[in-house]
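Q: So that you have it, the file is start10.pdb, and it contains PDB, C-alpha atoms and all ligand atoms:
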```
ATOM      1  CA  MET A   1      22.507  24.543  71.950  1.00  0.00           C
ATOM      2  CA  ILE A   2      20.949  25.986  75.070  1.00  0.00           C
ATOM      3  CA  VAL A   3      22.550  26.684  78.429  1.00  0.00           C
ATOM      4  CA  TYR A   4      19.926  27.194  81.122  1.00  0.00           C
ATOM      5  CA  GLY A   5      20.546  29.449  84.090  1.00  0.00           C
ATOM      6  CA  SER A   6      21.713  32.915  85.074  1.00  0.00           C
ATOM      7  CA  SER A   7      25.370  33.646  84.452  1.00  0.00           C
ATOM      8  CA  LEU A   8      25.535  35.179  87.938  1.00  0.00           C
ATOM      9  CA  SER A   9      26.157  31.548  88.849  1.00  0.00           C
ATOM     10  CA  PRO A  10      29.895  30.893  88.467  1.00  0.00           C
ATOM     11  CA  PHE A  11      29.030  27.456  87.057  1.00  0.00           C
ATOM     12  CA  VAL A  12      26.862  28.937  84.323  1.00  0.00           C
ATOM     13  CA  ARG A  13      29.414  31.684  83.613  1.00  0.00           C
ATOM     14  CA  LYS A  14      32.176  29.065  83.292  1.00  0.00           C
ATOM     15  CA  THR A  15      30.069  27.022  80.846  1.00  0.00           C
ATOM     16  CA  LEU A  16      29.200  30.052  78.697  1.00  0.00           C
ATOM     17  CA  ALA A  17      32.809  31.290  78.621  1.00  0.00           C
ATOM     18  CA  PHE A  18      34.064  27.804  77.740  1.00  0.00           C
ATOM     19  CA  ALA A  19      31.600  27.622  74.819  1.00  0.00           C
ATOM     20  CA  ALA A  20      32.615  31.130  73.709  1.00  0.00           C
ATOM     21  CA  GLU A  21      36.322  30.207  73.778  1.00  0.00           C
ATOM     22  CA  LYS A  22      35.432  27.301  71.496  1.00  0.00           C
ATOM     23  CA  GLY A  23      33.727  29.733  69.130  1.00  0.00           C
ATOM     24  CA  LEU A  24      30.357  28.064  69.723  1.00  0.00           C
ATOM     25  CA  THR A  25      27.080  29.934  69.655  1.00  0.00           C
ATOM     26  CA  VAL A  26      24.841  28.929  72.525  1.00  0.00           C
ATOM     27  CA  GLU A  27      21.544  30.357  73.639  1.00  0.00           C
ATOM     28  CA  ASN A  28      21.408  31.285  77.316  1.00  0.00           C
ATOM     29  CA  LYS A  29      17.925  30.838  78.815  1.00  0.00           C
ATOM     30  CA  VAL A  30      17.178  31.921  82.333  1.00  0.00           C
ATOM     31  CA  SER A  31      14.393  29.780  83.735  1.00  0.00           C
ATOM     32  CA  ARG A  32      12.303  31.448  86.438  1.00  0.00           C
ATOM     33  CA  PRO A  33      12.788  29.658  89.776  1.00  0.00           C
ATOM     34  CA  GLY A  34       9.060  29.736  90.595  1.00  0.00           C
ATOM     35  CA  GLN A  35       8.006  28.673  87.121  1.00  0.00           C
ATOM     36  CA  PRO A  36      10.782  26.504  85.711  1.00  0.00           C
ATOM     37  CA  ASP A  37      10.842  25.803  81.992  1.00  0.00           C
ATOM     38  CA  PRO A  38       9.914  22.084  81.487  1.00  0.00           C
ATOM     39  CA  ALA A  39      12.887  21.711  79.119  1.00  0.00           C
ATOM     40  CA  PHE A  40      15.162  22.974  81.902  1.00  0.00           C
ATOM     41  CA  LEU A  41      13.686  20.435  84.325  1.00  0.00           C
ATOM     42  CA  GLN A  42      14.328  17.677  81.829  1.00  0.00           C
ATOM     43  CA  ALA A  43      17.964  18.745  81.526  1.00  0.00           C
ATOM     44  CA  SER A  44      18.437  19.315  85.242  1.00  0.00           C
ATOM     45  CA  PRO A  45      16.195  17.068  87.346  1.00  0.00           C
ATOM     46  CA  PHE A  46      17.422  18.616  90.610  1.00  0.00           C
ATOM     47  CA  LYS A  47      16.978  22.185  89.255  1.00  0.00           C
ATOM     48  CA  LYS A  48      20.671  23.013  89.546  1.00  0.00           C
ATOM     49  CA  ILE A  49      22.075  25.465  87.048  1.00  0.00           C
ATOM     50  CA  PRO A  50      23.464  25.149  84.460  1.00  0.00           C
ATOM     51  CA  GLY A  51      21.252  22.766  82.539  1.00  0.00           C
ATOM     52  CA  PHE A  52      22.096  22.081  78.913  1.00  0.00           C
ATOM     53  CA  GLN A  53      20.403  20.950  75.722  1.00  0.00           C
ATOM     54  CA  ASP A  54      21.834  20.071  72.323  1.00  0.00           C
ATOM     55  CA  GLY A  55      19.064  18.687  70.117  1.00  0.00           C
ATOM     56  CA  ASP A  56      17.732  15.587  71.857  1.00  0.00           C
ATOM     57  CA  PHE A  57      20.639  15.479  74.336  1.00  0.00           C
ATOM     58  CA  GLN A  58      20.205  16.999  77.768  1.00  0.00           C
ATOM     59  CA  ILE A  59      22.562  17.100  80.721  1.00  0.00           C
ATOM     60  CA  SER A  60      23.262  19.177  83.802  1.00  0.00           C
ATOM     61  CA  ASP A  61      26.401  20.075  85.758  1.00  0.00           C
ATOM     62  CA  SER A  62      28.985  22.467  84.370  1.00  0.00           C
ATOM     63  CA  THR A  63      31.726  19.820  84.391  1.00  0.00           C
ATOM     64  CA  ALA A  64      29.552  17.371  82.462  1.00  0.00           C
ATOM     65  CA  ILE A  65      28.627  20.098  79.975  1.00  0.00           C
ATOM     66  CA  VAL A  66      32.194  21.238  79.272  1.00  0.00           C
ATOM     67  CA  THR A  67      33.254  17.585  78.976  1.00  0.00           C
ATOM     68  CA  TYR A  68      30.570  17.109  76.317  1.00  0.00           C
ATOM     69  CA  LEU A  69      31.532  20.296  74.461  1.00  0.00           C
ATOM     70  CA  GLU A  70      35.210  19.313  74.471  1.00  0.00           C
ATOM     71  CA  ALA A  71      34.450  15.840  73.079  1.00  0.00           C
ATOM     72  CA  GLN A  72      31.949  17.106  70.515  1.00  0.00           C
ATOM     73  CA  TYR A  73      34.004  20.131  69.409  1.00  0.00           C
ATOM     74  CA  PRO A  74      37.667  19.192  70.028  1.00  0.00           C
ATOM     75  CA  GLU A  75      39.120  22.345  68.449  1.00  0.00           C
ATOM     76  CA  PRO A  76      40.372  24.554  69.875  1.00  0.00           C
ATOM     77  CA  ASN A  77      41.481  22.174  72.595  1.00  0.00           C
ATOM     78  CA  LEU A  78      40.623  23.534  76.044  1.00  0.00           C
ATOM     79  CA  ILE A  79      41.120  20.432  78.204  1.00  0.00           C
ATOM     80  CA  PRO A  80      44.750  19.338  77.884  1.00  0.00           C
ATOM     81  CA  THR A  81      45.429  15.856  76.543  1.00  0.00           C
ATOM     82  CA  ASP A  82      48.786  15.476  78.298  1.00  0.00           C
ATOM     83  CA  PRO A  83      47.996  13.205  81.299  1.00  0.00           C
ATOM     84  CA  ARG A  84      49.532  15.465  83.952  1.00  0.00           C
ATOM     85  CA  ASN A  85      48.058  18.648  82.576  1.00  0.00           C
ATOM     86  CA  ARG A  86      44.662  17.035  82.159  1.00  0.00           C
ATOM     87  CA  ALA A  87      44.796  16.005  85.819  1.00  0.00           C
ATOM     88  CA  ARG A  88      45.882  19.548  86.742  1.00  0.00           C
ATOM     89  CA  ALA A  89      42.981  21.018  84.776  1.00  0.00           C
ATOM     90  CA  VAL A  90      40.562  18.785  86.682  1.00  0.00           C
ATOM     91  CA  TRP A  91      42.202  19.856  89.950  1.00  0.00           C
ATOM     92  CA  PHE A  92      41.901  23.564  89.156  1.00  0.00           C
ATOM     93  CA  GLU A  93      38.283  23.125  88.142  1.00  0.00           C
ATOM     94  CA  GLU A  94      37.572  21.246  91.361  1.00  0.00           C
ATOM     95  CA  LEU A  95      39.410  23.874  93.411  1.00  0.00           C
ATOM     96  CA  ALA A  96      37.261  26.557  91.792  1.00  0.00           C
ATOM     97  CA  ASP A  97      33.927  24.720  91.923  1.00  0.00           C
ATOM     98  CA  THR A  98      34.124  23.212  95.386  1.00  0.00           C
ATOM     99  CA  ILE A  99      36.639  25.063  97.552  1.00  0.00           C
ATOM    100  CA  PHE A 100      36.489  28.579  96.059  1.00  0.00           C
ATOM    101  CA  VAL A 101      32.771  28.717  95.277  1.00  0.00           C
ATOM    102  CA  GLY A 102      32.088  26.985  98.610  1.00  0.00           C
ATOM    103  CA  ALA A 103      33.500  30.075 100.333  1.00  0.00           C
ATOM    104  CA  ALA A 104      32.754  32.892  97.850  1.00  0.00           C
ATOM    105  CA  GLY A 105      29.189  31.618  97.340  1.00  0.00           C
ATOM    106  CA  LYS A 106      28.400  32.348 100.992  1.00  0.00           C
ATOM    107  CA  ILE A 107      29.342  35.985 100.470  1.00  0.00           C
ATOM    108  CA  PHE A 108      27.553  36.326  97.145  1.00  0.00           C
ATOM    109  CA  PHE A 109      24.396  34.625  98.387  1.00  0.00           C
ATOM    110  CA  ASN A 110      24.109  36.540 101.631  1.00  0.00           C
ATOM    111  CA  ARG A 111      24.956  39.963 100.211  1.00  0.00           C
ATOM    112  CA  ILE A 112      23.385  39.819  96.745  1.00  0.00           C
ATOM    113  CA  VAL A 113      21.262  36.794  95.783  1.00  0.00           C
ATOM    114  CA  GLY A 114      19.251  36.390  99.006  1.00  0.00           C
ATOM    115  CA  PRO A 115      18.397  40.023  99.710  1.00  0.00           C
ATOM    116  CA  ARG A 116      18.051  41.194  96.098  1.00  0.00           C
ATOM    117  CA  PHE A 117      16.501  38.256  94.315  1.00  0.00           C
ATOM    118  CA  MET A 118      14.941  35.964  96.898  1.00  0.00           C
ATOM    119  CA  GLY A 119      13.465  38.442  99.327  1.00  0.00           C
ATOM    120  CA  VAL A 120      15.351  36.917 102.263  1.00  0.00           C
ATOM    121  CA  ASP A 121      17.674  38.695 104.643  1.00  0.00           C
ATOM    122  CA  GLY A 122      21.297  37.755 104.076  1.00  0.00           C
ATOM    123  CA  ASP A 123      23.224  36.388 107.036  1.00  0.00           C
ATOM    124  CA  GLU A 124      26.023  38.944 107.283  1.00  0.00           C
ATOM    125  CA  ALA A 125      27.855  36.930 109.959  1.00  0.00           C
ATOM    126  CA  VAL A 126      28.170  34.007 107.527  1.00  0.00           C
ATOM    127  CA  ALA A 127      29.322  36.335 104.718  1.00  0.00           C
ATOM    128  CA  LEU A 128      31.880  38.060 106.936  1.00  0.00           C
ATOM    129  CA  LYS A 129      33.315  34.783 108.242  1.00  0.00           C
ATOM    130  CA  ALA A 130      33.710  33.511 104.671  1.00  0.00           C
ATOM    131  CA  GLU A 131      35.312  36.793 103.619  1.00  0.00           C
ATOM    132  CA  GLN A 132      37.713  37.041 106.550  1.00  0.00           C
ATOM    133  CA  GLU A 133      38.513  33.403 107.327  1.00  0.00           C
ATOM    134  CA  GLU A 134      37.683  31.138 104.382  1.00  0.00           C
ATOM    135  CA  MET A 135      38.741  33.225 101.396  1.00  0.00           C
ATOM    136  CA  PRO A 136      42.281  34.317 102.446  1.00  0.00           C
ATOM    137  CA  PRO A 137      43.882  30.816 102.426  1.00  0.00           C
ATOM    138  CA  ILE A 138      42.381  30.142  98.992  1.00  0.00           C
ATOM    139  CA  LEU A 139      43.606  33.478  97.645  1.00  0.00           C
ATOM    140  CA  ASP A 140      47.020  32.944  99.281  1.00  0.00           C
ATOM    141  CA  TYR A 141      47.309  29.643  97.424  1.00  0.00           C
ATOM    142  CA  LEU A 142      46.285  31.251  94.122  1.00  0.00           C
ATOM    143  CA  GLU A 143      48.788  34.054  94.727  1.00  0.00           C
ATOM    144  CA  SER A 144      51.534  31.425  95.099  1.00  0.00           C
ATOM    145  CA  ILE A 145      50.723  29.888  91.713  1.00  0.00           C
ATOM    146  CA  ALA A 146      49.428  32.899  89.716  1.00  0.00           C
ATOM    147  CA  PRO A 147      51.189  32.404  86.363  1.00  0.00           C
ATOM    148  CA  SER A 148      53.420  35.100  84.909  1.00  0.00           C
ATOM    149  CA  SER A 149      52.642  33.706  81.419  1.00  0.00           C
ATOM    150  CA  GLY A 150      48.991  34.593  82.007  1.00  0.00           C
ATOM    151  CA  PHE A 151      47.841  30.965  81.852  1.00  0.00           C
ATOM    152  CA  LEU A 152      47.923  28.139  84.390  1.00  0.00           C
ATOM    153  CA  LEU A 153      48.697  25.355  81.912  1.00  0.00           C
ATOM    154  CA  GLU A 154      50.592  25.063  78.648  1.00  0.00           C
ATOM    155  CA  ASP A 155      50.930  28.850  78.188  1.00  0.00           C
ATOM    156  CA  ARG A 156      47.510  29.016  76.579  1.00  0.00           C
ATOM    157  CA  ILE A 157      43.895  29.359  77.647  1.00  0.00           C
ATOM    158  CA  THR A 158      42.472  26.130  79.059  1.00  0.00           C
ATOM    159  CA  LEU A 159      39.607  25.034  81.249  1.00  0.00           C
ATOM    160  CA  ALA A 160      41.883  25.649  84.256  1.00  0.00           C
ATOM    161  CA  ASP A 161      41.921  29.424  83.635  1.00  0.00           C
ATOM    162  CA  ILE A 162      38.233  29.552  82.729  1.00  0.00           C
ATOM    163  CA  ALA A 163      37.205  27.661  85.875  1.00  0.00           C
ATOM    164  CA  ILE A 164      39.446  29.666  88.225  1.00  0.00           C
ATOM    165  CA  ALA A 165      38.549  33.064  86.744  1.00  0.00           C
ATOM    166  CA  SER A 166      34.792  32.497  86.697  1.00  0.00           C
ATOM    167  CA  PRO A 167      34.048  33.036  90.428  1.00  0.00           C
ATOM    168  CA  PHE A 168      36.224  36.156  90.356  1.00  0.00           C
ATOM    169  CA  GLY A 169      33.305  37.632  88.412  1.00  0.00           C
ATOM    170  CA  ASN A 170      31.235  37.237  91.574  1.00  0.00           C
ATOM    171  CA  LEU A 171      33.977  38.837  93.675  1.00  0.00           C
ATOM    172  CA  ARG A 172      33.970  41.761  91.246  1.00  0.00           C
ATOM    173  CA  HIS A 173      30.210  42.238  91.634  1.00  0.00           C
ATOM    174  CA  LEU A 174      30.742  42.182  95.398  1.00  0.00           C
ATOM    175  CA  GLY A 175      33.494  44.820  95.255  1.00  0.00           C
ATOM    176  CA  PHE A 176      35.775  42.308  97.030  1.00  0.00           C
ATOM    177  CA  ASP A 177      39.139  43.899  97.827  1.00  0.00           C
ATOM    178  CA  LEU A 178      41.906  41.862  96.148  1.00  0.00           C
ATOM    179  CA  SER A 179      44.745  44.307  96.862  1.00  0.00           C
ATOM    180  CA  ARG A 180      46.454  41.765  99.160  1.00  0.00           C
ATOM    181  CA  TRP A 181      46.685  39.377  96.202  1.00  0.00           C
ATOM    182  CA  PRO A 182      48.027  41.528  93.319  1.00  0.00           C
ATOM    183  CA  LYS A 183      49.303  38.679  91.106  1.00  0.00           C
ATOM    184  CA  THR A 184      46.016  36.843  91.405  1.00  0.00           C
ATOM    185  CA  LYS A 185      44.114  40.036  90.609  1.00  0.00           C
ATOM    186  CA  ALA A 186      46.232  40.791  87.521  1.00  0.00           C
ATOM    187  CA  TYR A 187      45.994  37.205  86.271  1.00  0.00           C
ATOM    188  CA  THR A 188      42.233  36.847  86.749  1.00  0.00           C
ATOM    189  CA  ASP A 189      41.498  40.385  85.490  1.00  0.00           C
ATOM    190  CA  ALA A 190      43.274  39.460  82.237  1.00  0.00           C
ATOM    191  CA  ILE A 191      41.245  36.259  81.849  1.00  0.00           C
ATOM    192  CA  LEU A 192      37.999  38.113  82.632  1.00  0.00           C
ATOM    193  CA  ALA A 193      38.927  40.759  80.038  1.00  0.00           C
ATOM    194  CA  ARG A 194      38.836  38.159  77.270  1.00  0.00           C
ATOM    195  CA  PRO A 195      35.766  38.571  75.048  1.00  0.00           C
ATOM    196  CA  SER A 196      34.468  35.191  76.259  1.00  0.00           C
ATOM    197  CA  PHE A 197      33.983  36.636  79.765  1.00  0.00           C
ATOM    198  CA  ALA A 198      33.799  40.378  79.132  1.00  0.00           C
ATOM    199  CA  THR A 199      30.493  40.234  77.260  1.00  0.00           C
ATOM    200  CA  ILE A 200      28.899  38.122  79.979  1.00  0.00           C
ATOM    201  CA  LEU A 201      30.202  40.330  82.786  1.00  0.00           C
ATOM    202  CA  GLU A 202      28.999  43.520  81.100  1.00  0.00           C
ATOM    203  CA  ARG A 203      25.502  42.060  80.856  1.00  0.00           C
ATOM    204  CA  GLU A 204      25.593  40.984  84.499  1.00  0.00           C
ATOM    205  CA  THR A 205      26.809  44.396  85.660  1.00  0.00           C
ATOM    206  CA  ALA A 206      23.993  46.079  83.733  1.00  0.00           C
ATOM    207  CA  PHE A 207      21.497  43.620  85.243  1.00  0.00           C
ATOM    208  CA  LEU A 208      22.751  44.336  88.754  1.00  0.00           C
ATOM    209  CA  GLY A 209      22.461  48.044  88.038  1.00  0.00           C
ATOM    210  CA  GLY A 210      26.203  48.693  88.236  1.00  0.00           C
TER
HETATM  211  N1  LIG A 301      28.332  20.978  90.425  1.00  0.00           N
HETATM  212  C1  LIG A 301      27.302  21.804  89.806  1.00  0.00           C
HETATM  213  C2  LIG A 301      26.875  22.876  90.787  1.00  0.00           C
HETATM  214  C3  LIG A 301      25.636  23.615  90.306  1.00  0.00           C
HETATM  215  C4  LIG A 301      25.035  24.480  91.395  1.00  0.00           C
HETATM  216  O1  LIG A 301      25.143  24.208  92.602  1.00  0.00           O
HETATM  217  N2  LIG A 301      24.373  25.571  90.972  1.00  0.00           N
HETATM  218  C5  LIG A 301      23.722  26.427  91.907  1.00  0.00           C
HETATM  219  C6  LIG A 301      23.830  27.897  91.469  1.00  0.00           C
HETATM  220  S1  LIG A 301      25.443  28.556  91.680  1.00  0.00           S
HETATM  221  C7  LIG A 301      22.230  26.105  91.936  1.00  0.00           C
HETATM  222  O2  LIG A 301      21.675  25.678  90.946  1.00  0.00           O
HETATM  223  N3  LIG A 301      21.594  26.357  93.069  1.00  0.00           N
HETATM  224  C8  LIG A 301      20.179  26.233  93.155  1.00  0.00           C
HETATM  225  C9  LIG A 301      19.781  25.095  94.009  1.00  0.00           C
HETATM  226  O3  LIG A 301      20.641  24.496  94.654  1.00  0.00           O
HETATM  227  O4  LIG A 301      18.578  24.802  94.033  1.00  0.00           O
HETATM  228  C10 LIG A 301      27.850  22.387  88.497  1.00  0.00           C
HETATM  229  O5  LIG A 301      29.077  22.414  88.330  1.00  0.00           O
HETATM  230  O6  LIG A 301      27.061  22.771  87.632  1.00  0.00           O
END
```
Please lay out the structure from this file as structure tokens.

A:
Amino acid sequence: MIVYGSSLSPFVRKTLAFAAEKGLTVENKVSRPGQPDPAFLQASPFKKIPGFQDGDFQISDSTAIVTYLEAQYPEPNLIPTDPRNRARAVWFEELADTIFVGAAGKIFFNRIVGPRFMGVDGDEAVALKAEQEEMPPILDYLESIAPSSGFLLEDRITLADIAIASPFGNLRHLGFDLSRWPKTKAYTDAILARPSFATILERETAFLGG
């Protein structure tokens, strides 16, 4: 199985960590933006990462990919089967992918991706507004629900934790100050310390020269 795209993307990182928690071995291929791998384009017609290939099956979108992995490799279960908890897992993934990454992505793009990898000046006003106005309500909400058990659902690792923790990897690369949200920091640090994330984050930190 191949996951296309850099794990600096929270969507790619989530997909790789989910596969790792399932004990699956996947190859991670980073396709060059200027010279995309034709197999990547087949998997992801709109060039969004991650793209995915398993034999003759291709698909894109992190949610579609983890849905496939869960159905194809049901054990260990990472997407709860209980109706309420399944709905909650979808909610946490959506919160992470749309609301959280919608805000944190503006900071990461303008301070790291644009200037360092795309040769464009970052818009610091956009980054600062996201940091000071958009992120705090999201982090306040997470602080109000940060689980003392260490896991959001069913006292065990699920997609909910993987999805929520993933963009915290980007905040870490940014040196984002989480001291106002200590429970959130402790909870997400513990998820990111799991081998499924730690290996990926070490590689990213080395890549970024940290
Ligand atoms: N809903 C998609 C979002 C994927 C996405 O937006 N990826 C970004 C990187 S974080 C991307 O490919 N951006 C490049 C582009 O938009 O051309 C998923 O969950 O995979």

Q: Wanna dump the chain A-ligand LIG 301 (chain A) contacts at 6 Å for me, each residue with its shortest atom pair and the distance in Å to one decimal, counting only C-alpha atoms and all ligand atoms, ordered by chain and number, as a Markdown table?

A:
```
| residue | atom | partner | partner_atom | distance |
| --- | --- | --- | --- | --- |
| A:Ser9 | CA | A:LIG301 | S1 | 4.2 |
| A:Pro10 | CA | A:LIG301 | S1 | 6.0 |
| A:Phe11 | CA | A:LIG301 | O6 | 5.1 |
| A:Lys47 | CA | A:LIG301 | O4 | 5.7 |
| A:Lys48 | CA | A:LIG301 | O2 | 3.2 |
| A:Ile49 | CA | A:LIG301 | O2 | 3.9 |
| A:Pro50 | CA | A:LIG301 | O6 | 5.4 |
| A:Asp61 | CA | A:LIG301 | O6 | 3.3 |
| A:Ser62 | CA | A:LIG301 | O6 | 3.8 |
| A:Thr63 | CA | A:LIG301 | O5 | 5.4 |
```

Q: What's around Leu128 (chain A) at 8 Å? Count only C-alpha atoms, leave out sequence neighbours fewer than 4 positions away in its own chain, and write the answer as a PyMOL selection string.

A: chain A and resi 107+124+132

Q: Determine the nearest neighbour of Ala71 (chain A) from the options A:Lys22, A:Lys185, A:Arg13, A:Arg172, counting only C-alpha atoms.

A: A:Lys22

Q: Just so the selection is clear, what residues does the PyMOL selection byres (((chain A and resi 139) around 10) and not hetatm) cover here, as number ranges by chain?

A: A: 100, 134-138, 140-146, 178, 180-181, 184-185

Q: At a cut-off of 8 Å, using all atoms listed in the file, what residues contact Ala104 (chain A)? Leave out same-chain residues fewer than 6 positions from it and give the result as a compact mmCIF listing (two decimals) with C-alpha atoms, in the coordinates of the input.

A:
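Produced file around-v8.txt, reproduced below:
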```txt
# COMPACT_ATOMS: atom_id res chain seq x y z
CA ALA A 130 33.71 33.51 104.67
CA GLU A 131 35.31 36.79 103.62
CA MET A 135 38.74 33.22 101.40
CA PRO A 167 34.05 33.04 90.43
CA ASN A 170 31.24 37.24 91.57
CA LEU A 171 33.98 38.84 93.68
```

Q: Could you jot down the CA of Ala19 (chain A) to CA of His173 (chain A) separation for me, Å, one decimal place?

A: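 One can read the CA of Ala19 (chain A) to CA of His173 (chain A) distance as 22.3 Å.
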
Q: Once the PyMOL selection byres (((chain A and resi 25-27) around 6) and not hetatm) has been applied to the shown file, what residues remain in the selection, as an MDAnalysis selection string?

A: chainID A and resid 1:2 24 28

Q: Would you work out the distance separating CA of Ile200 (chain A) from CA of Tyr73 (chain A), expressed in Å to one decimal?

A: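 Computing the Euclidean distance for CA of Ile200 (chain A) and CA of Tyr73 (chain A) yields 21.5 Å.
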
Q: Rounded to one decimal, what separation in Å do you get between CA of Leu192 (chain A) and CA of Asp37 (chain A)?

A: 29.8 Å

Q: Looking at only C-alpha atoms, which of A:Phe18, A:Phe168, A:Tyr4, A:Phe40 is the one that sits closest to Leu201 (chain A)?

A: A:Phe168

Q: From the set A:Pro76, A:Glu133, A:Asp121, A:Arg86, which residue has the shortest atom-to-atom contact distance to Ala103 (chain A), counting all atoms listed in the file?

A: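 For Ala103 (chain A), the nearest of the candidates is A:Glu133.
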
Q: On this structure, the PyMOL selection byres (((chain A and resi 67) around 12) and not hetatm) would catch which residues? List them as a ChimeraX atom specification, sorted by chain and number.

A: /A:15,18-19,59-66,68-74,77-80,86,89-90,93,159

Q: Out of A:Glu21, A:Asp161, A:Glu202, A:Asp56, which residue has the shortest atom-to-atom distance to Ala96 (chain A) when counting only C-alpha atoms?

A: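 Closest residue, counting only C-alpha atoms: A:Asp161.
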
Q: List every protein, DNA or RNA residue that has an atom no more than 10 Å from (40.7, 35.3, 80.2) in the file's coordinate frame, counting only C-alpha atoms, and report them as a ChimeraX atom specification.

A: /A:17,21,150-151,156-158,161-162,164-166,187-198

Q: For each of A:Asn85, A:Ser31, A:Thr199, A:Ser179, take the minimum atom-to-atom distance to Asp155 (chain A), counting only C-alpha atoms, then give the residue where this is smallest.

A: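 Closest to Asp155 (chain A), using only C-alpha atoms: A:Asn85.
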
Q: Kindly compute an axis-aligned box around the listed atoms of region 119-137 of chain A, allowing 4 Å on each side, and express its centre and edge lengths in Å to one decimal as AutoDock Vina command-line options.

A:
```
--center_x 28.7 --center_y 34.9 --center_z 104.6 --size_x 38.4 --size_y 16.1 --size_z 18.6
```

Q: Pick out the closest residue to Arg88 (chain A) from this set: A:Ala43, A:Ala127, A:Ala160, A:Ile112. Count only C-alpha atoms.

A: A:Ala160
